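Here is the file my_file-v5.txt (compact mmCIF, C-alpha atoms).
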# COMPACT_ATOMS: atom_id res chain seq x y z
CA MET D 134 -17.31 90.50 5.66
CA ASN D 135 -19.19 87.97 7.76
CA PHE D 136 -19.67 88.67 11.47
CA SER D 137 -20.94 86.16 14.00
CA ALA D 138 -20.96 85.74 17.79
CA GLU D 139 -18.77 82.68 17.57
CA LYS D 140 -16.07 84.47 15.66
CA ALA D 141 -16.20 87.65 17.72
CA SER D 142 -13.86 86.30 20.41
CA ARG D 143 -11.22 85.65 17.81
CA LYS D 144 -11.02 89.25 16.60
CA TRP D 145 -11.87 91.23 19.77
CA PRO D 146 -11.11 90.33 23.42
CA VAL D 147 -14.59 91.39 24.50
CA GLY D 148 -15.79 87.88 24.28
CA ALA D 149 -13.24 86.74 26.86
CA PHE D 150 -14.55 89.27 29.35
CA ARG D 151 -18.07 88.05 28.79
CA ARG D 152 -17.12 84.50 29.53
CA GLY D 153 -15.25 85.56 32.68
CA GLY D 154 -18.26 87.53 33.93
CA ALA D 155 -20.51 84.52 33.50
CA ALA D 156 -18.15 82.43 35.57
CA MET D 157 -18.11 84.99 38.42
CA VAL D 158 -21.91 85.09 38.51
CA THR D 159 -22.04 81.32 38.77
CA ALA D 160 -19.55 81.31 41.68
CA ALA D 161 -21.55 83.93 43.58
CA VAL D 162 -24.74 81.90 43.32
CA VAL D 163 -23.00 78.80 44.65
CA LEU D 164 -21.69 80.70 47.67
CA LEU D 165 -25.12 82.07 48.53
CA CYS D 166 -26.61 78.64 48.45
CA LEU D 167 -23.93 77.26 50.77
CA GLY D 168 -24.46 80.09 53.18
CA MET D 169 -28.14 79.50 53.45
CA GLN D 170 -27.60 75.85 54.23
CA ALA D 171 -24.90 76.48 56.88
CA GLY D 172 -27.03 78.73 59.02
CA PRO D 173 -26.94 82.42 59.82
CA ALA D 174 -24.13 82.22 62.44
CA GLU D 175 -21.83 80.23 60.22
CA ALA D 176 -22.64 82.46 57.24
CA ALA D 177 -21.86 85.56 59.20
CA ARG D 178 -18.51 84.10 60.18
CA ARG D 179 -17.64 83.01 56.64
CA ALA D 180 -18.97 86.08 54.88
CA PRO D 181 -16.24 88.07 53.25
CA SER D 182 -15.61 91.46 54.77
CA PHE D 183 -15.31 94.39 52.46
CA PRO D 184 -13.91 97.80 53.45
CA TRP D 185 -17.17 99.53 52.61
CA ASP D 186 -19.39 97.34 54.77
CA ASP D 187 -19.17 99.76 57.76
CA LEU D 188 -19.47 102.84 55.62
CA PHE D 189 -23.25 103.07 56.02
CA GLY D 190 -23.56 100.96 59.13
CA THR D 191 -24.97 97.94 57.40
CA ARG D 192 -22.58 95.48 59.02
CA PRO D 193 -23.80 94.18 62.36
CA GLN D 194 -21.53 95.02 65.34
CA ARG D 195 -20.07 92.10 67.24
CA PRO D 196 -20.30 92.23 71.01
CA HIS D 197 -16.97 92.85 72.83
CA LYS D 198 -15.75 90.41 75.40
CA ALA D 199 -16.01 91.47 78.99
CA VAL D 200 -12.66 92.55 80.54
CA ARG D 201 -11.76 90.39 83.47
CA ARG D 202 -9.62 92.03 86.15
CA SER D 203 -7.80 89.81 88.57
CA ALA D 204 -7.93 90.96 92.16
CA VAL D 205 -4.53 91.60 93.74
CA PRO D 206 -4.13 89.52 96.92
CA LEU D 207 -3.80 91.62 100.06
CA PRO D 208 -1.32 90.78 102.87
CA LYS D 209 -2.63 89.10 105.96
CA PRO D 210 -3.38 91.34 108.93
CA ARG D 211 -0.69 91.64 111.59
CA PRO D 212 -1.31 89.33 114.57
CA ALA D 213 -2.27 91.01 117.81
CA GLN D 214 0.51 89.28 119.76
CA ALA D 215 3.23 90.50 117.37
CA PRO D 216 5.70 93.09 118.86
CA ALA D 217 5.25 96.66 117.77
CA ALA D 218 7.57 97.91 115.00
CA ALA D 219 10.34 100.26 116.17
CA HIS D 220 10.30 102.61 113.21
CA ALA D 221 7.00 101.96 111.47
CA PRO D 222 5.93 104.76 109.13
CA ALA D 223 2.48 106.17 109.69
CA ALA D 224 0.01 104.50 107.34
CA THR D 225 -1.98 106.85 105.17
CA GLU D 226 -5.69 106.06 104.98
CA PRO D 227 -6.99 106.05 101.39
CA GLU D 228 -10.00 108.16 100.54
CA PRO D 229 -13.30 106.25 100.25
CA PRO D 230 -14.42 105.70 96.64
CA ALA D 231 -17.45 107.48 95.28
CA ALA D 232 -20.81 105.72 95.54
CA GLY D 233 -21.89 103.71 92.52
CA THR D 234 -18.45 103.64 90.95
CA GLN D 235 -17.00 100.67 92.77
CA SER D 236 -15.46 98.14 90.40
CA PRO D 237 -14.14 94.63 90.95
CA ALA D 238 -10.65 96.09 91.35
CA ALA D 239 -11.69 98.30 94.26
CA PRO D 240 -9.76 96.30 96.93
CA ALA D 241 -6.56 96.61 94.91
CA GLU D 242 -7.02 100.35 94.41
CA ALA D 243 -7.71 100.83 98.10
CA ALA D 244 -4.34 99.29 98.98
CA ARG D 245 -2.45 101.87 96.92
CA PRO D 246 -1.63 105.29 98.49
CA SER D 247 -3.84 108.16 97.51
CA GLU D 248 -2.69 110.35 94.67
CA THR D 249 -3.84 113.46 96.51
CA ALA D 250 -1.66 112.80 99.57
CA LYS D 251 -0.07 115.78 101.28
CA PRO D 252 3.56 116.67 100.38
CA ALA D 253 4.56 116.25 104.04
CA ASP D 254 3.56 112.60 103.94
CA VAL D 255 5.76 111.84 100.92
CA ALA D 256 9.24 110.53 101.86
CA LYS D 257 12.00 113.14 101.31
CA PRO D 258 14.98 112.24 99.07
CA ALA D 259 18.16 111.29 100.91
CA GLU D 260 20.71 114.10 101.14
CA PRO D 261 24.15 113.46 99.60
CA ALA D 262 26.72 112.43 102.17
CA ALA D 263 29.40 115.00 103.04
CA PRO D 264 32.87 114.25 101.59
CA GLN D 265 35.14 112.50 104.04
CA LEU D 266 38.06 114.60 105.26
CA SER D 267 41.61 113.41 104.64
CA ALA D 268 43.95 112.40 107.44
CA CYS D 269 46.00 115.60 106.93
CA ARG D 270 42.88 117.76 107.09
CA GLN D 271 41.79 116.08 110.32
CA ALA D 272 45.25 116.58 111.87
CA LEU D 273 45.59 120.25 110.83
CA THR D 274 43.27 121.64 113.47
CA GLU D 275 42.77 125.21 114.64
CA GLU D 276 45.21 124.58 117.50
CA ILE D 277 48.00 124.25 114.93
CA ALA D 278 47.07 126.62 112.10
CA ILE D 279 44.27 128.79 110.81
CA ALA D 280 43.84 127.07 107.44
CA PRO D 281 40.26 126.79 106.13
CA SER D 282 39.64 124.32 103.30
CA ILE D 283 38.92 125.59 99.80
CA PRO D 284 37.40 123.80 96.76
CA ASP D 285 39.64 121.75 94.51
CA ILE D 286 41.27 123.55 91.59
CA HIS D 287 41.55 121.91 88.15
CA GLY D 288 43.18 124.33 85.74
CA ALA D 289 44.73 124.08 82.31
CA GLY D 290 47.93 122.10 81.88
CA GLY D 291 47.56 120.19 85.13
CA CYS D 292 47.48 123.27 87.37
CA GLY D 293 45.75 123.05 90.72
CA GLY D 294 45.21 120.14 93.03
CA GLU D 295 42.99 118.56 95.64
CA ASP D 296 42.76 118.85 99.41
CA LEU D 297 43.70 122.55 99.31
CA VAL D 298 43.76 125.01 102.21
CA ARG D 299 44.32 128.73 102.63
CA LEU D 300 47.07 129.11 105.23
CA GLU D 301 46.30 132.37 107.05
CA ALA D 302 48.21 132.00 110.34
CA ILE D 303 50.22 129.52 112.39
CA VAL D 304 49.34 129.02 116.05
CA LEU D 305 52.33 128.58 118.37
CA ALA D 306 52.42 126.50 121.53
CA ASP D 307 51.72 129.59 123.67
CA LYS D 308 48.60 130.40 121.56
CA ARG D 309 50.30 133.26 119.75
CA LYS D 310 49.58 133.51 116.04
CA VAL D 311 52.19 133.99 113.31
CA ALA D 312 50.42 135.63 110.38
CA VAL D 313 51.24 134.54 106.83
CA LYS D 314 51.31 137.72 104.70
CA PRO D 315 49.62 137.32 102.32
CA ALA D 316 47.69 134.10 102.97
CA ALA D 317 49.13 131.16 101.04
CA ILE D 318 47.08 128.65 99.00
CA LEU D 319 48.78 125.30 99.54
CA ARG D 320 48.07 121.61 99.66
CA CYS D 321 47.27 120.30 103.09
CA LYS D 322 50.57 118.40 103.42
CA MET D 323 52.62 121.44 102.41
CA ALA D 324 50.72 123.69 104.82
CA ALA D 325 51.24 121.18 107.64
CA ALA D 326 54.99 121.04 106.91
CA VAL D 327 55.30 124.85 106.98
CA ALA D 328 53.35 125.06 110.25
CA ASP D 329 55.52 122.39 111.88
CA TRP D 330 58.71 124.15 110.69
CA VAL D 331 57.67 127.50 112.17
CA ARG D 332 56.39 126.01 115.45
CA THR D 333 59.38 123.71 116.07
CA ASP D 334 62.45 125.48 114.58
CA ILE D 335 61.78 129.16 113.85
CA ALA D 336 59.82 130.16 116.96
CA PRO D 337 62.56 129.15 119.47
CA LEU D 338 65.22 130.68 117.22
CA ALA D 339 63.48 134.04 116.99
CA GLN D 340 62.63 134.18 120.70
CA ASN D 341 66.05 135.59 121.59
CA LEU D 342 66.21 138.04 118.67
CA GLY D 343 63.34 140.47 119.04
CA GLY D 344 60.62 139.06 121.24
CA GLY D 345 59.71 136.18 118.93
CA ILE D 346 58.37 135.81 115.41
CA SER D 347 55.19 137.64 114.47
CA ASN D 348 54.71 137.07 110.71
CA LEU D 349 56.04 135.14 107.74
CA ASP D 350 56.74 137.06 104.52
CA ASN D 351 55.13 135.02 101.72
CA PHE D 352 56.75 135.94 98.41
CA ASP D 353 54.75 133.44 96.28
CA SER D 354 52.57 130.35 96.77
CA PHE D 355 50.03 128.99 94.23
CA GLU D 356 50.48 130.30 90.69
CA CYS D 357 49.75 128.43 87.46
CA ARG D 358 53.07 128.89 85.63
CA GLY D 359 56.21 127.10 84.44
CA ARG D 360 59.45 126.86 86.34
CA ASN D 361 61.13 130.23 86.90
CA ARG D 362 58.24 131.80 84.93
CA VAL D 363 59.79 130.63 81.65
CA ALA D 364 57.24 130.19 78.86
CA GLY D 365 56.98 126.55 77.77
CA ALA D 366 58.99 125.23 80.73
CA GLN D 367 57.95 122.28 82.89
CA LEU D 368 55.11 122.98 85.30
CA SER D 369 56.42 124.46 88.53
CA GLU D 370 55.48 123.11 91.95
CA HIS D 371 53.83 126.49 92.50
CA GLY D 372 51.32 125.44 89.80
CA ARG D 373 50.50 122.36 91.88
CA ALA D 374 50.08 124.37 95.12
CA ASN D 375 53.03 122.44 96.54
CA ALA D 376 55.63 125.22 97.03
CA LEU D 377 56.20 128.36 99.10
CA ASP D 378 58.73 131.18 98.65
CA VAL D 379 59.84 132.78 101.92
CA ARG D 380 61.57 136.14 101.84
CA ALA D 381 61.84 137.30 105.45
CA LEU D 382 60.78 136.68 109.05
CA GLY D 383 58.96 139.46 110.93
CA LEU D 384 59.78 139.92 114.62
CA ALA D 385 57.59 141.18 117.43
CA ASN D 386 59.71 144.33 117.87
CA GLY D 387 58.92 145.44 114.31
CA LYS D 388 62.20 144.37 112.71
CA SER D 389 62.51 142.00 109.79
CA ILE D 390 65.17 139.37 109.14
CA SER D 391 65.85 138.76 105.48
CA LEU D 392 67.11 135.23 104.91
CA THR D 393 69.28 136.32 101.96
CA ASP D 394 70.79 139.45 103.56
CA ARG D 395 74.55 139.19 104.15
CA SER D 396 74.36 141.59 107.07
CA VAL D 397 72.37 139.00 109.04
CA PRO D 398 74.68 136.89 111.24
CA ARG D 399 76.02 133.89 109.39
CA THR D 400 75.22 131.47 112.24
CA LEU D 401 71.55 132.44 112.11
CA ARG D 402 71.30 131.86 108.36
CA GLU D 403 73.12 128.53 108.64
CA THR D 404 70.70 127.38 111.34
CA VAL D 405 67.73 128.17 109.10
CA LEU D 406 69.45 126.40 106.20
CA HIS D 407 69.88 123.16 108.16
CA SER D 408 66.29 123.23 109.39
CA VAL D 409 64.65 123.67 105.96
CA CYS D 410 66.90 121.15 104.20
CA ALA D 411 65.91 118.51 106.75
CA ARG D 412 62.17 119.06 106.19
CA PHE D 413 61.59 119.91 102.53
CA SER D 414 62.48 118.06 99.32
CA THR D 415 63.75 121.15 97.47
CA VAL D 416 65.50 124.22 98.90
CA LEU D 417 66.75 126.88 96.47
CA GLY D 418 68.42 130.12 97.52
CA PRO D 419 71.35 132.38 96.61
CA GLY D 420 73.90 130.49 94.55
CA SER D 421 71.44 128.03 92.96
CA ASP D 422 70.48 130.34 90.06
CA TRP D 423 69.85 134.02 89.67
CA TYR D 424 66.07 133.44 90.03
CA HIS D 425 66.40 132.81 93.80
CA GLU D 426 68.82 135.52 94.93
CA ASP D 427 66.25 137.41 97.03
CA HIS D 428 64.12 134.58 98.54
CA ILE D 429 64.15 130.92 99.59
CA HIS D 430 62.11 128.36 97.61
CA LEU D 431 60.61 125.42 99.53
CA ASP D 432 58.55 122.51 98.12
CA LEU D 433 57.63 118.88 98.77
CA ILE D 434 58.06 117.33 95.33
CA GLU D 435 58.36 113.53 95.32
CA ARG D 436 61.40 112.17 93.46
CA ARG D 437 62.76 108.72 92.88
CA ASN D 438 64.58 107.19 95.87
CA ASN D 439 63.55 110.22 97.98
CA TYR D 440 66.16 112.41 96.25
CA ARG D 441 66.53 115.90 97.74
CA ILE D 442 68.00 119.19 96.49
CA CYS D 443 69.48 121.76 98.90
CA GLN D 444 71.23 124.64 97.11
CA TRP D 445 71.68 127.72 99.28
CA ASN D 446 75.06 129.41 99.64
CA VAL D 447 75.36 131.22 102.96
CA ASP D 448 77.75 134.03 101.95
CA ASP D 449 80.00 135.95 104.30
CA PRO D 450 79.24 139.60 105.08
CA LEU D 451 80.63 142.07 102.57
CA PRO D 452 83.92 143.76 103.63
CA GLN D 453 83.81 147.39 104.70
CA VAL D 454 85.40 149.50 101.94
CA ALA D 455 87.65 152.44 103.04
CA PRO D 456 86.63 155.91 101.85
CA LEU D 457 88.12 156.96 98.52
CA LEU D 458 89.27 160.45 99.69
CA PRO D 459 91.47 161.01 102.76
CA ALA D 460 90.12 162.87 105.72
CA GLU D 461 90.80 166.61 105.91
CA ARG D 462 93.77 167.80 108.03
CA PRO D 463 92.52 169.36 111.25
CA GLU D 464 93.28 173.02 111.81
CA GLU D 465 94.98 172.46 115.17
CA ALA D 466 97.58 170.14 113.65
CA PRO D 467 101.24 171.47 113.69
CA PRO D 468 102.73 172.63 110.40
CA ARG D 469 104.50 170.03 108.30
CA GLU D 470 108.35 170.12 108.24
CA VAL D 471 110.01 170.57 104.84
CA ALA D 472 113.72 169.62 104.29
CA ALA D 473 116.08 172.47 103.13
CA LYS D 474 117.53 172.16 99.62
CA SER D 475 121.47 172.31 99.13
CA ASP D 476 123.76 172.22 96.00
CA ALA D 477 126.84 170.58 97.64
CA PRO D 478 125.90 166.99 97.08
CA LYS D 479 125.30 167.60 93.39
CA ALA D 480 128.86 169.01 92.91
CA ASP D 481 130.45 165.98 94.56
CA THR D 482 128.54 163.63 92.35
CA SER D 483 129.63 165.47 89.16
CA LYS D 484 133.31 165.21 90.12
CA ALA D 485 132.98 161.50 90.84
CA ASP D 486 131.46 160.96 87.41
CA HIS D 487 134.37 162.90 85.73
CA GLY D 488 136.99 160.79 87.55
CA LYS D 489 135.36 157.56 86.42
CA SER D 490 135.54 158.62 82.80
CA ASP D 491 139.39 159.19 82.99
CA THR D 492 140.28 155.88 84.58
CA GLY D 493 141.05 154.23 81.26
CA LYS D 494 143.52 156.91 80.11
CA SER D 495 147.12 157.78 81.03
CA GLY D 496 148.32 161.06 82.38
CA THR D 497 148.60 162.48 78.88
CA GLY D 498 145.05 161.66 78.03
CA LYS D 499 145.86 158.59 75.94
CA PRO D 500 144.50 155.15 76.74
CA ASP D 501 146.75 152.83 78.72
CA ALA D 502 148.14 150.24 76.33
CA THR D 503 148.99 147.71 78.98
CA LYS D 504 145.44 147.67 80.40
CA SER D 505 143.84 147.56 76.99
CA ASP D 506 146.09 144.66 75.88
CA ASP D 507 145.29 142.74 78.99
CA ALA D 508 141.62 143.37 78.56
CA THR D 509 141.49 142.48 74.87
CA ALA D 510 144.08 139.64 74.86
CA PRO D 511 142.43 136.25 74.74
CA ASP D 512 143.10 133.71 77.43
CA ARG D 513 145.43 131.23 75.79
CA SER D 514 145.52 128.92 78.74
CA ALA D 515 141.95 128.04 77.85
CA GLU D 516 143.03 127.08 74.34
CA THR D 517 145.66 124.59 75.54
CA LYS D 518 143.07 122.63 77.55
CA PRO D 519 141.51 119.80 75.57
CA GLN D 520 137.83 120.38 74.90
CA PRO D 521 135.58 117.46 75.68
CA THR D 522 134.00 115.94 72.62
CA LYS D 523 130.50 114.49 72.47
CA LYS D 524 130.09 111.13 70.86
CA ARG D 525 127.03 110.77 68.78
CA ARG D 526 125.45 107.42 68.42
CA GLN D 527 124.50 106.53 64.95
CA SER D 528 121.11 104.89 64.65
CA ARG D 529 121.43 101.67 62.85
CA ARG D 530 118.64 99.98 61.14
CA PHE D 531 118.43 96.31 61.57
Please lay out the structure from this file as structure tokens.
Amino acid sequence: MNFSAEKASRKWPVGAFRRGGAAMVTAAVVLLCLGMQAGPAEAARRAPSFPWDDLFGTRPQRPHKAVRRSAVPLPKPRPAQAPAAAHAPAATEPEPPAAGTQSPAAPAEAARPSETAKPADVAKPAEPAAPQLSACRQALTEEIAIAPSIPDIHGAGGCGGEDLVRLEAIVLADKRKVAVKPAAILRCKMAAAVADWVRTDIAPLAQNLGGGISNLDNFDSFECRGRNRVAGAQLSEHGRANALDVRALGLANGKSISLTDRSVPRTLRETVLHSVCARFSTVLGPGSDWYHEDHIHLDLIERRNNYRICQWNVDDPLPQVAPLLPAERPEEAPPREVAAKSDAPKADTSKADHGKSDTGKSGTGKPDATKSDDATAPDRSAETKPQPTKKRRQSRRF
């Protein structure tokens, strides 16, 4: 086998690497020569940068450019003849900078407030404005009712409401208070309607009964439930704090007038009926359903075309039932007279019955032939008379 340098590149690729290395050496020499001719500054700029140049600190560091800070222009001083500001906040004087540390931006930093200012000098955050009261809340003053406002209620299923009050008492025109027992949680409009009803209609009515009205028996007010407490029923107006159940009226003399009691005079109950039906949208009492037999339901529900419901049957008083057993006979009463018994009438009646049984017989005890023939003989005069005949019309088919 013959080996030569010329044929080595044909069999092994080592020769190709050798030629490539020679070319790289030639290129490096050319670059060095060009750098020497261009000058040191140009060579430094064109010199390739390798990641290991700064490893041992051999690469010269380039000087950084100086940072130029632009001075912020300050406002012009206030003229001496200018009027003084009405509400000018007190200016806070900045602290003087330390000696030897003043920079070109010192005037701009002096204009800014100091970071170490006192907390009293910092402006306080504005307090949230109080919620504006509704027109009903402004009208329902302490001269009309004791009804403090309570927070809004937002319960499950739409229960609750806004602009709620706790109606504790109603103030009459003569400054007397009618307590609501217990206090009722109602909407402001419903509480105002109840207060107006008591002040205008009930107070004059109860003045002649027992010294005036003293309290209002609250059977139910706000309660998150369905109508008539039926599970799954439509939400009641009690769940919206828009209804009140009244059971009785308390008088100043200690007596109580139940609005569903039949023993109460009918004229009084009818007067109350007319007053509530003129003020409230719904009035339910005895006769509407068996859920309202012992109280009166009042609410202010809004219906289409201002439709109202007034169902309250004012029943008559129950009749007085007589005692089942008679009263005992007094001891001083005279003895009762008893008729004497006699057998004479019975004998006369027996003879009359025996005579009636022999009327159809002769003296010998045989039946009378003449009477029996007359009784059993048919009336022939009736046979001689022509009997009227009925003509029947035959239906003909055409």
inquiry  = Ranking D:Ser354, D:Gln367, D:Thr415, D:Thr404 by minimum distance to D:Gly290 and counting all atoms listed in the file, which one comes first?
reply    = D:Gln367
query = Leaving out D:His407 and any residue of its chain fewer than 6 positions from it, which residues lie within 12 Å of it when counting only C-alpha atoms, given as a PyMOL selection string?
reply = chain D and resi 330+334-335+400-401+413+416+443-447
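Within 10 Å of D:Asp449, once all atoms listed in the file are used and residues closer than 4 positions along the same chain are dropped, the contacting residues are Asp394, Arg395, Ser396, Val397, Pro398 and Arg399 of chain D.
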request  = Please measure the separation of atom CA of D:Ile283 and atom CA of D:Arg380, giving the value in Å to one decimal.
outcome  = 25.1 Å
message = Can you tell me which residues surround D:Tyr424 at a distance of at most 12 Å, considering all atoms listed in the file, apart from same-chain residues fewer than 4 positions away, and format the answer as number ranges by chain?
response = D: 360-363, 378, 417-420, 428-430
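Taking atom CA of D:Arg332 and atom CA of D:Leu305 as the two end points, the separation is 5.6 Å.
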ask   = Using all atoms listed in the file, which of the listed residues (D:Lys314, D:Arg436, D:Arg211, D:Arg402) sits closest to D:Glu301?
value =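 Closest residue, counting all atoms listed in the file: D:Lys314.
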inquiry  = As an exercise, work out the distance from atom CA of D:Leu368 to atom CA of D:Asn439 in Å and give it to one decimal place.
reply    = 19.9 Å
task = In the coordinate frame of the file, compute which residues have an atom within 12 Å of (68.2, 110.4, 101.1) when using all atoms listed in the file, and state them as JSON, numbers by chain.
result = {"D": [410, 411, 412, 413, 414, 435, 436, 437, 438, 439, 440, 441, 442, 443]}
Dump of C-alpha atoms for the selected residues, as a compact mmCIF listing (two decimals), in the frame of the given file:
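Contents of the output file result05.txt:
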# COMPACT_ATOMS: atom_id res chain seq x y z
CA CYS D 410 66.90 121.15 104.20
CA ALA D 411 65.91 118.51 106.75
CA ARG D 412 62.17 119.06 106.19
CA PHE D 413 61.59 119.91 102.53
CA SER D 414 62.48 118.06 99.32
CA GLU D 435 58.36 113.53 95.32
CA ARG D 436 61.40 112.17 93.46
CA ARG D 437 62.76 108.72 92.88
CA ASN D 438 64.58 107.19 95.87
CA ASN D 439 63.55 110.22 97.98
CA TYR D 440 66.16 112.41 96.25
CA ARG D 441 66.53 115.90 97.74
CA ILE D 442 68.00 119.19 96.49
CA CYS D 443 69.48 121.76 98.90
Please identify all polymer residues lying at most 9 Å from the point (51.1, 122.5, 97.1) (file coordinates), using all atoms listed in the file, and present the result as a tab-separated table (two decimals) with C-alpha atoms, in the frame of the given file.
chain	number	residue	atom	x	y	z
D	293	GLY	CA	45.75	123.05	90.72
D	294	GLY	CA	45.21	120.14	93.03
D	297	LEU	CA	43.70	122.55	99.31
D	318	ILE	CA	47.08	128.65	99.00
D	319	LEU	CA	48.78	125.30	99.54
D	320	ARG	CA	48.07	121.61	99.66
D	321	CYS	CA	47.27	120.30	103.09
D	322	LYS	CA	50.57	118.40	103.42
D	323	MET	CA	52.62	121.44	102.41
D	324	ALA	CA	50.72	123.69	104.82
D	354	SER	CA	52.57	130.35	96.77
D	355	PHE	CA	50.03	128.99	94.23
D	370	GLU	CA	55.48	123.11	91.95
D	371	HIS	CA	53.83	126.49	92.50
D	372	GLY	CA	51.32	125.44	89.80
D	373	ARG	CA	50.50	122.36	91.88
D	374	ALA	CA	50.08	124.37	95.12
D	375	ASN	CA	53.03	122.44	96.54
D	376	ALA	CA	55.63	125.22	97.03
D	377	LEU	CA	56.20	128.36	99.10
D	432	ASP	CA	58.55	122.51	98.12
D	433	LEU	CA	57.63	118.88	98.77
D	434	ILE	CA	58.06	117.33	95.33
query = Which is closest to D:Asp285 among D:Ala312, D:Ile346, D:Val298, D:Ala215, if we use all atoms listed in the file?
reply = D:Val298
inquiry  = Give me the residues near stretch 385-388 of chain D as a PyMOL selection string, where near means some atom within 10 Å (using all atoms listed in the file) and where sequence neighbours in that chain fewer than 2 positions away do not count.
reply    = chain D and resi 311+339-340+342-348+382-383+390-391
Output of the above residues as a PDB file, keeping the file's coordinate frame, restricted to C-alpha atoms:
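Generated output (out-v2.pdb):
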ATOM      1  CA  VAL D 311      52.190 133.990 113.310  1.00  0.00           C
ATOM      2  CA  ALA D 339      63.480 134.040 116.990  1.00  0.00           C
ATOM      3  CA  GLN D 340      62.630 134.180 120.700  1.00  0.00           C
ATOM      4  CA  LEU D 342      66.210 138.040 118.670  1.00  0.00           C
ATOM      5  CA  GLY D 343      63.340 140.470 119.040  1.00  0.00           C
ATOM      6  CA  GLY D 344      60.620 139.060 121.240  1.00  0.00           C
ATOM      7  CA  GLY D 345      59.710 136.180 118.930  1.00  0.00           C
ATOM      8  CA  ILE D 346      58.370 135.810 115.410  1.00  0.00           C
ATOM      9  CA  SER D 347      55.190 137.640 114.470  1.00  0.00           C
ATOM     10  CA  ASN D 348      54.710 137.070 110.710  1.00  0.00           C
ATOM     11  CA  LEU D 382      60.780 136.680 109.050  1.00  0.00           C
ATOM     12  CA  GLY D 383      58.960 139.460 110.930  1.00  0.00           C
ATOM     13  CA  ILE D 390      65.170 139.370 109.140  1.00  0.00           C
ATOM     14  CA  SER D 391      65.850 138.760 105.480  1.00  0.00           C
TER      15      SER D 391
END
